[in-house]
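> The structure's right below; bear with me while I get my questions together.
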2 protein chains.
Amino acid sequence: MRHNGHMPEAFATLHLEHSSTVDRAAEELRRAIFDGELESGTPLREVALASSLGVSRPTVREALTVLVAEGLATREPHRGVSVSAPEASSVRDVCAARWVLEGAGVRRWREADETHRQAVRTTLTAYTSAVREGGSYQELNERHLAFHVSLVGLTGSPRLVAMADELVVELKLALAQVERLRRNAHDEADTHAALVQLLEDDDIDGASAFLEKHLEDAAAEIIEALGLS
Amino acid sequence: MRHNGHMPEAFATLHLEHSSTVDRAAEELRRAIFDGELESGTPLREVALASSLGVSRPTVREALTVLVAEGLATREPHRGVSVSAPEASSVRDVCAARWVLEGAGVRRWREADETHRQAVRTTLTAYTSAVREGGSYQELNERHLAFHVSLVGLTGSPRLVAMADELVVELKLALAQVERLRRNAHDEADTHAALVQLLEDDDIDGASAFLEKHLEDAAAEIIEALGLS
DNA sequence: TCCCTCTCGATTGTCAGACAACCTGACAAA
DNA sequence: TTTGTCAGGTTGTCTGACAATCGAGAGGGA
């Protein structure tokens, strides 16, 4: 099995999923939060989760520290972990930060790798086709946000993309709270297509301004849907 | 002792450090890494750390997961945690990401809160005075990077500042590796003073270009000092 | 009646010990 | 040279336990 030296390219596409129990527990909690099964503020009791998930308390603890590190949950000393509650200020801040990251990507449209430009087009068509085929609310959300992250990808910086992902996680947490309130699958596909068209036409400034407005609107809309001031 | 309702403003400045054993262990590990006591690549064995720190293995595990989440260490399944090794590509990427964040701050100099502008001036003088008084290498590093983070503070976004902090942590990890190689306390105070002067003169574009060059130089310098291609 | 104090249960933080799964390296066998 | 096998060490996970702490309700005094 030491063929690596001789044939470095062989089996390069193979990749075995190395999932630990902690990872699976964290993933299950993430899913429950994004699906709205766990409302914000819900306390995540260690013993209860341990028996529910069929794992031991230390394993649950590790999974919870992962969630806390991701910002999905909040730990208060000696008071336990609970699902984070989105606030108006944090939603505004997330969108402001997104504007910095995504705007940086948009401004680099010309200099960006053709690969990254193509990724933007791909995520856009994935979103629009999901809208056309009437995908579920969650699927639309996923594709919509994936498009925005792909804009950050134009910078070519893995770290900026990772940061955008973290911001998107916070947004998904907030959106999971309003999901059962407004079921009207928002159809913003046209807006995004217009944005990409501006880029294709080399109107970088126009696209930049367009994006800024779009993000501001999104922040206001989410805050309003959350019922926060 | 239930006077909170009566005097909401009293004792507002008091803040008790609620440090758990895990936090202290993580802090000690961080210090050891930044001080260069632990070279990059050093495996962090759980049992050895537990006996050294005088805590139990689960506590060490939690501290290690914190370090991994911060990017200071890397966990490979069933192979343990080891101090992260800086690579040329990651240093370049960190500086590219810093350019996006700090550049966004610099471009908002005019619109920024006076508080944030003042913070930039304060961190600059803290850096320059430390240089003048011949502070230790680590102190200079600390102040130098604090100045750069304060530029991100101009955006007024806590999340962007947090991201800048994470990037700076990665940089400090890389710098800890070269610390014992080049002891020449780099004196870049003049450079930074010139940057702030450009801002005070309202030459935003000039400051922006200045910063971009400075960050590119820093990346090249660090990579060269690390001995990476 | 209202307020203070105190105790009790619940929960977390931390520890100790244990076992299986797994990686590494070395050696034997084909 | 390649493969099978084994031993040692390390991690992943479990069980059980105990102290520290928090929240709420009971009880006593003004």
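Here's how to read the names in the structure tokens: chain A, B, ... by the order shown, residue numbers from 1 in each chain, ligand numbers from 1 in the order shown.
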Using only C-alpha atoms, what table do you get, as a Markdown table, when you list each residue of chain A with an atom no more than 9 Å from chain B, its nearest pair of atoms, and their distance in Å rounded to one decimal, rows by chain then rising number?

| residue | atom | partner | partner_atom | distance |
| --- | --- | --- | --- | --- |
| A:His18 | CA | B:Pro77 | CA | 7.6 |
| A:Ser19 | CA | B:Pro77 | CA | 8.8 |
| A:Ser20 | CA | B:Pro77 | CA | 8.2 |
| A:Pro58 | CA | B:Pro58 | CA | 8.0 |
| A:Arg61 | CA | B:Glu62 | CA | 8.9 |
| A:Glu62 | CA | B:Glu62 | CA | 7.0 |
| A:Thr65 | CA | B:Glu62 | CA | 8.0 |
| A:Val66 | CA | B:Ala69 | CA | 7.9 |
| A:Ala69 | CA | B:Ala69 | CA | 6.9 |
| A:Glu70 | CA | B:Ala69 | CA | 8.8 |
| A:Pro77 | CA | B:His18 | CA | 7.6 |
| A:Ser90 | CA | B:Arg159 | CA | 8.7 |
| A:Asp93 | CA | B:Ser157 | CA | 5.9 |
| A:Val94 | CA | B:Arg159 | CA | 7.1 |
| A:Ala96 | CA | B:Ser157 | CA | 7.1 |
| A:Ala97 | CA | B:Leu160 | CA | 6.0 |
| A:Val100 | CA | B:Ala104 | CA | 6.6 |
| A:Leu101 | CA | B:Val100 | CA | 7.4 |
| A:Ala104 | CA | B:Val100 | CA | 6.7 |
| A:Thr155 | CA | B:Ala96 | CA | 8.8 |
| A:Gly156 | CA | B:Asp93 | CA | 8.7 |
| A:Ser157 | CA | B:Asp93 | CA | 5.9 |
| A:Pro158 | CA | B:Asp93 | CA | 7.3 |
| A:Arg159 | CA | B:Ala97 | CA | 6.8 |
| A:Leu160 | CA | B:Ala97 | CA | 6.0 |
| A:Met163 | CA | B:Met163 | CA | 7.2 |
| A:Leu167 | CA | B:Arg159 | CA | 8.6 |
> Go through chain C residue by residue and, counting only C-alpha atoms (C1' of nucleotides), keep those with an atom at most 9 Å from chain A; for each kept residue give the shortest atom pair and its distance in Å to one decimal, ordered by chain and increasing number, as a tab-separated table.

residue	atom	partner	partner_atom	distance
C:DT11	C1'	A:Arg79	CA	7.4
C:DT12	C1'	A:His78	CA	5.1
C:DG13	C1'	A:His78	CA	7.6
> With chain B laid on chain A by least squares, using all C-alpha atoms in order, how large is the RMSD?
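Across all paired C-alpha atoms, the RMSD is 0.3 Å.
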> Pull out every residue of chain D that has at least one atom within 10 Å of chain A, counting only C-alpha atoms (C1' of nucleotides), and report them as a list in words.
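Matching residues, ligands excluded from the count: DT2, DT3, DG12, DT13, DC14, DT15, DA20, DT21, DC22 and DG23 of chain D.
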> Looking only at helix (DSSP H, G or I) from DSSP on the backbone, list the matching residues of range 17-88 of chain A as a ChimeraX atom specification.
/A:21-34,46-53,57-70,88
> Mind pulling up the distance from CA of Ile204 in chain A to CA of Asp201 in chain B?
28.0 Å
> For the structure I just gave you, how does DSSP split range 2-206 of chain B - specifically, which residues are strand (DSSP E)? Reply as a PyMOL selection string.
chain B and resi 43-44+73-76+80-83
> May I have the residues from that selection written out with C-alpha atoms, as a PDB file, in the first residue's frame?

ATOM      1  CA  PRO B  43       2.591  16.904  19.198  1.00  0.00           C
ATOM      2  CA  LEU B  44       0.466  17.805  22.213  1.00  0.00           C
ATOM      3  CA  ALA B  73      -3.313  23.638  16.671  1.00  0.00           C
ATOM      4  CA  THR B  74      -4.399  20.953  14.246  1.00  0.00           C
ATOM      5  CA  ARG B  75      -6.197  17.737  15.096  1.00  0.00           C
ATOM      6  CA  GLU B  76      -5.801  14.632  12.990  1.00  0.00           C
ATOM      7  CA  GLY B  80      -3.627  13.636  18.099  1.00  0.00           C
ATOM      8  CA  VAL B  81      -3.262  17.383  18.225  1.00  0.00           C
ATOM      9  CA  SER B  82      -0.110  19.209  17.240  1.00  0.00           C
ATOM     10  CA  VAL B  83       0.929  22.833  16.996  1.00  0.00           C
TER      11      VAL B  83
END
> In Å, rounded to a single decimal, give me how far CA of Ala176 in chain A is from CA of Ser136 in chain A.
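Calculated distance between CA of Ser136 in chain A and CA of Ala176 in chain A is 13.2 Å.
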